[in-house]
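K.L.:
Pasting run.cif below, which is mmCIF, C-alpha atoms and all ligand atoms.
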```cif
data_structure
#
loop_
_atom_site.label_atom_id
_atom_site.label_comp_id
_atom_site.auth_asym_id
_atom_site.auth_seq_id
_atom_site.Cartn_x
_atom_site.Cartn_y
_atom_site.Cartn_z
CA MET A 1 8.82 30.51 -6.24
CA LEU A 2 9.71 27.25 -4.50
CA ARG A 3 11.76 27.54 -1.33
CA PHE A 4 13.56 24.76 0.53
CA ALA A 5 13.32 25.20 4.29
CA VAL A 6 15.67 23.98 6.96
CA ALA A 7 13.82 22.11 9.76
CA GLY A 8 14.88 24.21 12.74
CA CYS A 9 18.04 26.22 13.31
CA PRO A 10 21.00 24.98 11.27
CA HIS A 11 23.33 22.72 13.30
CA THR A 12 26.20 25.16 12.74
CA THR A 13 24.29 28.25 13.99
CA PRO A 14 26.71 30.27 16.18
CA LYS A 15 26.07 30.24 19.93
CA PRO A 16 23.86 31.05 21.78
CA GLY A 17 21.63 29.91 18.93
CA GLY A 18 17.86 30.40 19.04
CA THR A 19 15.38 31.14 16.28
CA ILE A 20 16.59 34.65 15.47
CA GLU A 21 20.24 33.60 15.19
CA GLY A 22 19.06 30.56 13.24
CA ILE A 23 17.21 32.67 10.67
CA LYS A 24 20.19 34.98 10.21
CA TYR A 25 22.59 32.08 9.85
CA ALA A 26 20.34 30.13 7.47
CA LYS A 27 20.26 33.20 5.25
CA LYS A 28 24.05 33.42 5.36
CA LEU A 29 24.21 29.83 4.12
CA GLY A 30 21.91 30.69 1.22
CA ILE A 31 18.75 29.11 2.69
CA THR A 32 15.56 31.14 2.19
CA ALA A 33 13.04 29.38 4.46
CA MET A 34 12.87 27.85 7.92
CA GLU A 35 10.41 25.69 9.82
CA ILE A 36 10.40 26.67 13.49
CA GLU A 37 10.25 23.53 15.63
CA TRP A 38 7.82 24.13 18.48
CA VAL A 39 7.53 20.36 18.84
CA GLN A 40 7.95 20.28 22.64
CA ASN A 41 6.03 23.45 23.48
CA VAL A 42 4.90 26.77 22.08
CA PRO A 43 6.65 29.90 23.37
CA LYS A 44 4.22 32.54 24.67
CA ASP A 45 6.17 35.79 24.38
CA PRO A 46 4.55 38.09 21.80
CA LYS A 47 7.52 40.50 21.88
CA ARG A 48 9.87 37.73 20.87
CA MET A 49 7.42 36.76 18.10
CA GLU A 50 7.51 40.34 16.79
CA GLU A 51 11.30 40.13 16.69
CA ILE A 52 11.15 36.90 14.73
CA ARG A 53 8.77 38.51 12.25
CA LYS A 54 11.00 41.55 11.80
CA ILE A 55 14.15 39.56 11.21
CA SER A 56 12.51 37.10 8.82
CA GLU A 57 11.03 39.96 6.79
CA ALA A 58 14.33 41.83 6.72
CA MET A 59 16.19 38.67 5.64
CA ASP A 60 13.39 37.48 3.32
CA VAL A 61 13.29 34.07 5.00
CA THR A 62 9.84 32.45 4.78
CA LEU A 63 8.62 30.84 8.00
CA THR A 64 6.50 27.82 8.81
CA VAL A 65 6.02 26.13 12.20
CA HIS A 66 5.84 22.55 13.41
CA ALA A 67 3.30 22.30 16.24
CA PRO A 68 3.90 20.16 19.37
CA TYR A 69 3.91 16.37 19.01
CA TYR A 70 1.70 15.94 22.09
CA ILE A 71 -1.56 16.22 20.24
CA ASN A 72 -4.41 13.79 19.70
CA LEU A 73 -7.60 15.23 18.26
CA ASN A 74 -9.13 11.74 18.51
CA SER A 75 -8.58 11.40 22.25
CA PRO A 76 -11.60 10.07 24.20
CA ASP A 77 -10.27 11.94 27.24
CA PRO A 78 -11.78 15.46 27.32
CA VAL A 79 -8.73 16.87 29.13
CA THR A 80 -6.29 15.55 26.52
CA LEU A 81 -8.55 16.70 23.71
CA ALA A 82 -8.87 20.22 25.13
CA ALA A 83 -5.10 20.43 25.72
CA SER A 84 -4.47 19.26 22.14
CA LYS A 85 -6.73 21.95 20.70
CA ARG A 86 -5.12 24.54 22.99
CA ARG A 87 -1.60 23.67 21.77
CA ILE A 88 -2.69 24.03 18.15
CA ILE A 89 -4.44 27.37 18.80
CA ASP A 90 -1.34 28.62 20.66
CA ALA A 91 0.95 27.61 17.79
CA LEU A 92 -1.34 29.28 15.25
CA SER A 93 -1.72 32.53 17.23
CA MET A 94 1.96 32.87 18.11
CA GLY A 95 2.70 31.99 14.49
CA GLU A 96 0.43 34.83 13.39
CA ILE A 97 2.49 37.36 15.37
CA ALA A 98 5.76 35.84 14.08
CA GLY A 99 4.62 36.16 10.45
CA VAL A 100 4.42 32.40 9.88
CA ARG A 101 2.39 31.25 6.88
CA SER A 102 1.43 27.72 7.91
CA VAL A 103 1.57 25.45 10.98
CA CYS A 104 2.11 21.71 10.58
CA VAL A 105 0.11 19.45 12.91
CA HIS A 106 0.15 15.69 13.55
CA ALA A 107 -3.59 15.46 14.07
CA ALA A 108 -4.42 12.17 15.75
CA PHE A 109 -3.87 8.53 16.62
CA ASN A 110 -6.52 6.09 15.46
CA LEU A 111 -6.63 4.11 18.75
CA GLY A 112 -8.07 1.14 16.90
CA GLN A 113 -11.18 3.01 15.82
CA PRO A 114 -12.62 2.80 12.30
CA PRO A 115 -11.34 5.54 9.97
CA GLU A 116 -14.78 7.20 9.65
CA ALA A 117 -15.04 7.67 13.42
CA VAL A 118 -11.54 9.13 13.64
CA TYR A 119 -12.26 11.47 10.74
CA LYS A 120 -15.40 12.70 12.45
CA ASN A 121 -13.56 13.45 15.69
CA VAL A 122 -10.74 15.26 13.91
CA TYR A 123 -13.32 17.19 11.90
CA LYS A 124 -15.11 18.35 15.06
CA ALA A 125 -11.85 19.41 16.70
CA VAL A 126 -10.71 21.37 13.63
CA GLU A 127 -14.09 23.07 13.52
CA ASP A 128 -13.62 24.13 17.17
CA ILE A 129 -10.08 25.36 16.56
CA LEU A 130 -11.21 27.46 13.60
CA LYS A 131 -13.81 29.21 15.78
CA GLN A 132 -10.75 31.12 17.06
CA LYS A 133 -9.72 32.14 13.53
CA LYS A 134 -9.62 35.82 14.52
CA LEU A 135 -6.45 35.00 16.49
CA PHE A 136 -4.65 33.72 13.38
CA PRO A 137 -6.29 35.19 10.27
CA HIS A 138 -3.24 34.73 8.03
CA VAL A 139 -1.99 31.34 9.18
CA ASN A 140 -2.89 28.01 7.64
CA LEU A 141 -3.64 24.95 9.78
CA GLY A 142 -1.77 22.21 7.93
CA LEU A 143 -2.67 18.65 8.86
CA GLU A 144 0.17 16.33 7.91
CA THR A 145 0.21 13.00 6.10
CA MET A 146 1.61 10.55 8.66
CA GLY A 147 4.08 7.68 8.48
CA LYS A 148 2.30 5.00 10.52
CA PRO A 149 -0.97 3.19 9.79
CA THR A 150 -1.92 3.77 13.47
CA GLN A 151 -2.03 7.54 12.82
CA PHE A 152 -4.67 9.70 11.15
CA GLY A 153 -3.17 11.09 7.95
CA THR A 154 -3.54 9.29 4.65
CA LEU A 155 -3.28 11.54 1.61
CA GLU A 156 -7.07 11.37 1.14
CA ASP A 157 -7.72 12.11 4.86
CA VAL A 158 -5.77 15.35 4.86
CA LEU A 159 -6.94 16.52 1.43
CA LYS A 160 -10.59 15.88 2.25
CA ILE A 161 -10.56 17.66 5.58
CA SER A 162 -8.51 20.57 4.17
CA LYS A 163 -11.04 21.06 1.39
CA GLU A 164 -13.89 21.13 3.92
CA PHE A 165 -12.30 24.02 5.81
CA ASP A 166 -10.51 25.84 2.98
CA LEU A 167 -7.07 24.91 4.33
CA TYR A 168 -4.08 23.20 2.76
CA PRO A 169 -2.41 20.11 4.22
CA VAL A 170 1.25 19.32 4.84
CA ILE A 171 2.12 16.55 2.41
CA ASP A 172 5.10 14.50 3.50
CA PRO A 173 5.94 12.01 0.72
CA ALA A 174 8.55 10.36 2.99
CA HIS A 175 5.80 9.57 5.51
CA LEU A 176 3.63 8.10 2.74
CA HIS A 177 6.63 6.09 1.50
CA ALA A 178 7.03 4.63 5.01
CA ARG A 179 3.30 4.19 5.67
CA TYR A 180 2.95 2.05 2.55
CA ASN A 181 6.18 0.14 3.22
CA GLY A 182 8.22 1.33 0.25
CA ALA A 183 5.60 2.61 -2.19
CA VAL A 184 5.32 6.30 -3.20
CA ASN A 185 8.88 6.56 -4.45
CA SER A 186 8.53 7.11 -8.19
CA THR A 187 7.72 9.86 -10.64
CA LYS A 188 4.45 8.14 -11.52
CA GLU A 189 3.31 7.92 -7.87
CA TRP A 190 4.29 11.51 -7.07
CA ASP A 191 2.46 12.67 -10.16
CA GLU A 192 -0.64 10.78 -9.00
CA MET A 193 -0.23 12.34 -5.56
CA PHE A 194 -0.13 15.86 -7.00
CA ASP A 195 -2.99 15.06 -9.41
CA LEU A 196 -5.14 14.07 -6.44
CA TYR A 197 -4.06 17.22 -4.58
CA GLU A 198 -5.22 19.31 -7.54
CA THR A 199 -8.47 17.38 -7.81
CA TYR A 200 -9.32 18.23 -4.20
CA LEU A 201 -7.90 21.72 -3.84
CA GLY A 202 -7.75 23.13 -7.37
CA LYS A 203 -4.88 23.86 -9.74
CA ALA A 204 -3.85 27.10 -8.01
CA SER A 205 -3.28 25.19 -4.74
CA LEU A 206 0.02 23.79 -6.03
CA LYS A 207 1.38 27.35 -6.19
CA ASN A 208 1.32 27.59 -2.41
CA VAL A 209 2.25 24.27 -0.83
CA HIS A 210 3.65 23.39 2.60
CA MET A 211 5.47 20.09 2.22
CA HIS A 212 8.04 17.97 4.01
CA PHE A 213 10.66 15.69 2.50
CA SER A 214 13.53 13.52 3.76
CA GLY A 215 14.95 10.04 3.59
CA ILE A 216 13.20 7.61 5.91
CA ALA A 217 13.69 4.24 7.62
CA TYR A 218 10.59 2.05 7.76
CA GLY A 219 9.19 -1.44 8.18
CA PRO A 220 5.82 -3.20 8.12
CA LYS A 221 4.60 -0.84 10.89
CA GLY A 222 5.57 2.20 8.87
CA GLU A 223 7.95 5.00 9.85
CA LYS A 224 10.93 4.34 12.10
CA HIS A 225 12.96 7.54 11.75
CA HIS A 226 14.15 10.10 9.25
CA LEU A 227 17.39 9.56 7.31
CA PRO A 228 19.80 11.73 5.34
CA LEU A 229 18.81 11.78 1.67
CA GLN A 230 21.91 9.97 0.47
CA GLU A 231 21.67 7.22 3.09
CA SER A 232 18.07 6.41 2.18
CA ASP A 233 16.26 4.61 -0.61
CA ALA A 234 14.38 7.83 -1.54
CA LYS A 235 14.55 8.65 -5.24
CA TRP A 236 14.97 12.22 -4.14
CA LYS A 237 16.36 13.59 -7.39
CA ASP A 238 13.33 12.24 -9.23
CA PHE A 239 11.11 13.89 -6.63
CA ILE A 240 12.85 17.23 -7.14
CA THR A 241 12.42 16.82 -10.89
CA VAL A 242 8.67 16.37 -10.40
CA LEU A 243 8.53 19.55 -8.28
CA LYS A 244 10.33 21.49 -10.98
CA LYS A 245 8.47 20.01 -13.95
CA ARG A 246 5.08 20.76 -12.36
CA LYS A 247 6.25 24.26 -11.37
CA ILE A 248 5.13 23.71 -7.79
CA GLU A 249 5.57 26.74 -5.52
CA GLY A 250 5.58 27.32 -1.78
CA THR A 251 7.81 25.66 0.81
CA VAL A 252 9.36 22.19 0.96
CA VAL A 253 10.86 21.59 4.40
CA CYS A 254 13.87 19.27 4.35
CA GLU A 255 13.48 17.05 7.43
CA SER A 256 16.75 15.19 7.03
CA PRO A 257 18.90 14.87 10.18
CA LEU A 258 21.59 16.67 8.13
CA LEU A 259 19.61 19.88 8.46
CA GLU A 260 21.34 22.56 6.42
CA GLU A 261 23.49 20.16 4.38
CA ASP A 262 20.55 18.32 2.85
CA THR A 263 18.44 21.47 2.52
CA LEU A 264 21.20 22.98 0.40
CA LEU A 265 21.62 19.70 -1.47
CA MET A 266 17.93 19.77 -2.42
CA GLN A 267 18.06 23.44 -3.33
CA LYS A 268 21.18 23.14 -5.48
CA THR A 269 19.85 20.04 -7.20
CA TYR A 270 16.60 21.88 -7.93
CA GLU A 271 18.51 24.78 -9.47
CA LYS A 272 20.68 22.51 -11.62
CA ILE A 273 18.22 19.90 -12.74
CA GLY A 274 16.93 20.10 -16.29
CA VAL A 275 13.28 19.26 -16.97
ZN ZN B 1 5.66 16.31 11.20
#
```
Step by step, read the file and then write its structure as structure tokens.
P.N.:
Amino acid sequence: MLRFAVAGCPHTTPKPGGTIEGIKYAKKLGITAMEIEWVQNVPKDPKRMEEIRKISEAMDVTLTVHAPYYINLNSPDPVTLAASKRRIIDALSMGEIAGVRSVCVHAAFNLGQPPEAVYKNVYKAVEDILKQKKLFPHVNLGLETMGKPTQFGTLEDVLKISKEFDLYPVIDPAHLHARYNGAVNSTKEWDEMFDLYETYLGKASLKNVHMHFSGIAYGPKGEKHHLPLQESDAKWKDFITVLKKRKIEGTVVCESPLLEEDTLLMQKTYEKIGV
């Protein structure tokens, strides 16, 4: 099954809001997955995590998490590096208690270093993080494809490192579209993207993806900001057709600023579209 996830609590979630209300309300709208946005910090209350797990299981809403933005696994500063690893481990272990299947991470900034050096540093950090695997045995560490050339996260980067550690990455075609200044916006390119994914991770891997999608504003320096689907140049219906034709399963998080509206638009289009 392919589920479309809302990126955080729906805008129209009744007050006082919060993740639990958000899950219940998403379900009411007909949405079956949610990405919890721990992008500023990771909550540390295991009891609350248990509650999130219970409600998501009862409602059959699949959960993923977005880890904090303040992460750089390529930092030369040992304090920043240690704090970055800590934030990821916290997100993974709290995610484990909350019943989350995968945690999305923006791994690193290149800081002008050659790609091989950055890869090596990210590799070492991931290796360290996975030494704590007993804290999050069921949660995937998903390194995301990133929207700016100054960031670690080409398609090859994240596939290669995921294969090394038996993980799966978070593919964000909108980020790739922005990173390459308008490319990756056609059936042919998405097919090539999924072909490469299969080459690295095997055919079965496309039955359990964690992806992002949205419209996006970009320039020569890559990503500027996310856009609603219908205000962007994204050929989003073609993208949905590719998902359906290839029978891809897992979660596609809709990262449009029109949270629930565009999530439902993607979901309804997916249901309707003929392949
Ligand atoms: Zn992200």
K.L.:
Can you pull out every residue with an atom within 9 Å of ligand ZN 1 (chain B)? Use all atoms listed in the file and format it as a VMD selection string.
P.N.:
chain A and resid 39 66 to 67 69 104 to 106 143 to 146 170 172 175 212 255
K.L.:
Please determine the residues with any atom at most 9 Å from (13.6, 28.1, -0.5) (coordinates as given in the file, with only C-alpha atoms counting) and report them as a list in words.
P.N.:
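With a cut-off of 9 Å, the residues come to Met1, Leu2, Arg3, Phe4, Ala5, Val6, Gly30, Ile31, Thr32, Ala33, Met34, Val61, Thr62, Gly250, Thr251, Val252, Val253, Thr263 and Gln267 of chain A.
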K.L.:
Please indicate the distance in Å from CA of Arg87 (chain A) to CA of Gly18 (chain A), rounded to one decimal place.
P.N.:
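It comes out at 20.8 Å.
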K.L.:
Which one is closest to Leu92 (chain A): A:Arg53, A:Lys160, A:Lys134, A:Lys124? Count only C-alpha atoms.
P.N.:
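Using only C-alpha atoms, the shortest distance to Leu92 (chain A) belongs to A:Lys134.
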K.L.:
For CA of Asn72 (chain A) and CA of Arg86 (chain A), determine how far apart the two atoms are, in Å to one decimal place.
P.N.:
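Distance between the two atoms: 11.3 Å.
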K.L.:
So which one's closest to Ile240 (chain A), A:Val275, A:Ile23, A:Ala183, A:Leu206? Using only C-alpha atoms, please.
P.N.:
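Closest candidate: A:Val275.
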K.L.:
Report, in Å with one decimal, the straight-line distance from CA of Asp90 (chain A) to CA of His138 (chain A).
P.N.:
14.2 Å
K.L.:
For each of A:Met211, A:Ile97, A:Leu259, A:Leu243, take the minimum atom-to-atom distance to His226 (chain A), counting only C-alpha atoms, then give the residue where this is smallest.
P.N.:
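Among A:Met211, A:Ile97, A:Leu259, A:Leu243, it is A:Leu259 that comes nearest to His226 (chain A).
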K.L.:
From the options A:Gly95, A:Pro68, A:Gly142, A:Pro16, which residue's atoms come nearest to Tyr168 (chain A), counting only C-alpha atoms?
P.N.:
A:Gly142
K.L.:
With distances taken over all atoms listed in the file, which of A:Ser84, A:Asn74, A:Asn140, A:Thr19 is nearest to Ile52 (chain A)?
P.N.:
A:Thr19
K.L.:
Which is closest to Tyr123 (chain A) among A:Ala108, A:Leu227, A:Ile273, A:Ile20, if we use only C-alpha atoms?
P.N.:
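Smallest distance to Tyr123 (chain A) is found for A:Ala108.
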K.L.:
Considering all atoms listed in the file, return as a PyMOL selection string whatever protein or nucleic-acid residues lie within 9 Å of Val184 (chain A), sequence-local ones (same chain, fewer than 5 positions apart) excluded.
P.N.:
chain A and resi 173-174+176-178+189-190+193
K.L.:
Just the residues within 10 Å of Gln113 (chain A), please, counting all atoms listed in the file, with nothing from its chain fewer than 5 positions along; format it as an MDAnalysis selection string.
P.N.:
chainID A and resid 74 118:119 150
K.L.:
Please put the answer as JSON: centre and edge lengths, in Å with one decimal, of a box along x, y and z that encloses all listed atoms of region 7-26 of chain A plus 3 Å on each side.
P.N.:
```
{"center_x": 20.3, "center_y": 28.5, "center_z": 14.6, "size_x": 18.9, "size_y": 18.9, "size_z": 20.3}
```
K.L.:
Can you save region 141-174 of chain A of the given block to a file, including N, CA and C atoms and formatted as a PDB file, in the first residue's frame?
P.N.:
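The resulting decode-v2.pdb:
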```pdb
ATOM      1  N   LEU A 141      17.028   4.882   9.679  1.00  0.00           N
ATOM      2  CA  LEU A 141      17.685   6.187   9.581  1.00  0.00           C
ATOM      3  C   LEU A 141      17.700   6.568   8.103  1.00  0.00           C
ATOM      4  N   GLY A 142      16.871   7.548   7.761  1.00  0.00           N
ATOM      5  CA  GLY A 142      16.703   7.914   6.346  1.00  0.00           C
ATOM      6  C   GLY A 142      17.413   9.210   6.001  1.00  0.00           C
ATOM      7  N   LEU A 143      18.539   9.104   5.308  1.00  0.00           N
ATOM      8  CA  LEU A 143      19.255  10.311   4.885  1.00  0.00           C
ATOM      9  C   LEU A 143      18.579  10.853   3.624  1.00  0.00           C
ATOM     10  N   GLU A 144      18.338  12.172   3.623  1.00  0.00           N
ATOM     11  CA  GLU A 144      17.516  12.756   2.567  1.00  0.00           C
ATOM     12  C   GLU A 144      18.347  13.331   1.425  1.00  0.00           C
ATOM     13  N   THR A 145      17.789  13.219   0.202  1.00  0.00           N
ATOM     14  CA  THR A 145      18.369  13.953  -0.929  1.00  0.00           C
ATOM     15  C   THR A 145      18.077  15.435  -0.707  1.00  0.00           C
ATOM     16  N   MET A 146      19.085  16.292  -0.908  1.00  0.00           N
ATOM     17  CA  MET A 146      18.947  17.698  -0.525  1.00  0.00           C
ATOM     18  C   MET A 146      18.912  18.650  -1.721  1.00  0.00           C
ATOM     19  N   GLY A 147      18.307  19.823  -1.483  1.00  0.00           N
ATOM     20  CA  GLY A 147      17.991  20.742  -2.565  1.00  0.00           C
ATOM     21  C   GLY A 147      19.068  21.736  -2.962  1.00  0.00           C
ATOM     22  N   LYS A 148      20.202  21.745  -2.223  1.00  0.00           N
ATOM     23  CA  LYS A 148      21.243  22.722  -2.570  1.00  0.00           C
ATOM     24  C   LYS A 148      22.562  22.011  -2.824  1.00  0.00           C
ATOM     25  N   PRO A 149      23.303  22.470  -3.839  1.00  0.00           N
ATOM     26  CA  PRO A 149      24.602  21.840  -4.124  1.00  0.00           C
ATOM     27  C   PRO A 149      25.594  21.954  -2.959  1.00  0.00           C
ATOM     28  N   THR A 150      25.348  22.867  -2.005  1.00  0.00           N
ATOM     29  CA  THR A 150      26.239  23.012  -0.852  1.00  0.00           C
ATOM     30  C   THR A 150      25.947  21.969   0.233  1.00  0.00           C
ATOM     31  N   GLN A 151      24.928  21.131   0.007  1.00  0.00           N
ATOM     32  CA  GLN A 151      24.551  20.122   1.002  1.00  0.00           C
ATOM     33  C   GLN A 151      24.920  18.719   0.532  1.00  0.00           C
ATOM     34  N   PHE A 152      25.271  17.855   1.468  1.00  0.00           N
ATOM     35  CA  PHE A 152      25.418  16.432   1.170  1.00  0.00           C
ATOM     36  C   PHE A 152      24.033  15.894   0.827  1.00  0.00           C
ATOM     37  N   GLY A 153      23.934  15.077  -0.232  1.00  0.00           N
ATOM     38  CA  GLY A 153      22.620  14.507  -0.523  1.00  0.00           C
ATOM     39  C   GLY A 153      22.245  14.491  -1.988  1.00  0.00           C
ATOM     40  N   THR A 154      23.166  14.014  -2.856  1.00  0.00           N
ATOM     41  CA  THR A 154      22.742  13.662  -4.206  1.00  0.00           C
ATOM     42  C   THR A 154      22.029  12.315  -4.099  1.00  0.00           C
ATOM     43  N   LEU A 155      21.364  11.932  -5.172  1.00  0.00           N
ATOM     44  CA  LEU A 155      20.688  10.629  -5.181  1.00  0.00           C
ATOM     45  C   LEU A 155      21.708   9.509  -4.936  1.00  0.00           C
ATOM     46  N   GLU A 156      22.844   9.591  -5.617  1.00  0.00           N
ATOM     47  CA  GLU A 156      23.876   8.553  -5.476  1.00  0.00           C
ATOM     48  C   GLU A 156      24.435   8.522  -4.054  1.00  0.00           C
ATOM     49  N   ASP A 157      24.686   9.713  -3.476  1.00  0.00           N
ATOM     50  CA  ASP A 157      25.197   9.798  -2.091  1.00  0.00           C
ATOM     51  C   ASP A 157      24.331   8.976  -1.145  1.00  0.00           C
ATOM     52  N   VAL A 158      23.023   9.272  -1.167  1.00  0.00           N
ATOM     53  CA  VAL A 158      22.155   8.664  -0.150  1.00  0.00           C
ATOM     54  C   VAL A 158      21.886   7.184  -0.449  1.00  0.00           C
ATOM     55  N   LEU A 159      21.885   6.820  -1.722  1.00  0.00           N
ATOM     56  CA  LEU A 159      21.677   5.400  -2.044  1.00  0.00           C
ATOM     57  C   LEU A 159      22.898   4.581  -1.627  1.00  0.00           C
ATOM     58  N   LYS A 160      24.072   5.137  -1.921  1.00  0.00           N
ATOM     59  CA  LYS A 160      25.310   4.411  -1.642  1.00  0.00           C
ATOM     60  C   LYS A 160      25.477   4.181  -0.137  1.00  0.00           C
ATOM     61  N   ILE A 161      25.289   5.232   0.628  1.00  0.00           N
ATOM     62  CA  ILE A 161      25.494   5.109   2.069  1.00  0.00           C
ATOM     63  C   ILE A 161      24.397   4.233   2.690  1.00  0.00           C
ATOM     64  N   SER A 162      23.176   4.303   2.175  1.00  0.00           N
ATOM     65  CA  SER A 162      22.093   3.461   2.698  1.00  0.00           C
ATOM     66  C   SER A 162      22.393   1.993   2.445  1.00  0.00           C
ATOM     67  N   LYS A 163      22.920   1.691   1.268  1.00  0.00           N
ATOM     68  CA  LYS A 163      23.258   0.307   0.946  1.00  0.00           C
ATOM     69  C   LYS A 163      24.333  -0.231   1.909  1.00  0.00           C
ATOM     70  N   GLU A 164      25.322   0.613   2.195  1.00  0.00           N
ATOM     71  CA  GLU A 164      26.412   0.211   3.097  1.00  0.00           C
ATOM     72  C   GLU A 164      25.887  -0.247   4.457  1.00  0.00           C
ATOM     73  N   PHE A 165      24.835   0.438   4.942  1.00  0.00           N
ATOM     74  CA  PHE A 165      24.367   0.175   6.304  1.00  0.00           C
ATOM     75  C   PHE A 165      23.006  -0.516   6.361  1.00  0.00           C
ATOM     76  N   ASP A 166      22.529  -0.992   5.196  1.00  0.00           N
ATOM     77  CA  ASP A 166      21.247  -1.679   5.153  1.00  0.00           C
ATOM     78  C   ASP A 166      20.093  -0.772   5.632  1.00  0.00           C
ATOM     79  N   LEU A 167      20.117   0.463   5.141  1.00  0.00           N
ATOM     80  CA  LEU A 167      19.073   1.436   5.463  1.00  0.00           C
ATOM     81  C   LEU A 167      18.333   1.765   4.172  1.00  0.00           C
ATOM     82  N   TYR A 168      17.311   2.623   4.258  1.00  0.00           N
ATOM     83  CA  TYR A 168      16.772   3.213   3.038  1.00  0.00           C
ATOM     84  C   TYR A 168      16.717   4.721   3.187  1.00  0.00           C
ATOM     85  N   PRO A 169      16.978   5.442   2.090  1.00  0.00           N
ATOM     86  CA  PRO A 169      17.070   6.901   2.174  1.00  0.00           C
ATOM     87  C   PRO A 169      15.692   7.545   2.059  1.00  0.00           C
ATOM     88  N   VAL A 170      15.648   8.865   2.275  1.00  0.00           N
ATOM     89  CA  VAL A 170      14.439   9.636   1.990  1.00  0.00           C
ATOM     90  C   VAL A 170      14.686  10.361   0.668  1.00  0.00           C
ATOM     91  N   ILE A 171      14.007   9.903  -0.371  1.00  0.00           N
ATOM     92  CA  ILE A 171      14.166  10.546  -1.670  1.00  0.00           C
ATOM     93  C   ILE A 171      13.155  11.676  -1.764  1.00  0.00           C
ATOM     94  N   ASP A 172      13.648  12.874  -2.028  1.00  0.00           N
ATOM     95  CA  ASP A 172      12.786  14.024  -2.240  1.00  0.00           C
ATOM     96  C   ASP A 172      12.999  14.535  -3.663  1.00  0.00           C
ATOM     97  N   PRO A 173      12.130  14.122  -4.597  1.00  0.00           N
ATOM     98  CA  PRO A 173      12.318  14.535  -5.997  1.00  0.00           C
ATOM     99  C   PRO A 173      12.240  16.053  -6.172  1.00  0.00           C
ATOM    100  N   ALA A 174      11.501  16.752  -5.290  1.00  0.00           N
ATOM    101  CA  ALA A 174      11.429  18.215  -5.377  1.00  0.00           C
ATOM    102  C   ALA A 174      12.803  18.812  -5.078  1.00  0.00           C
TER     103      ALA A 174
END
```
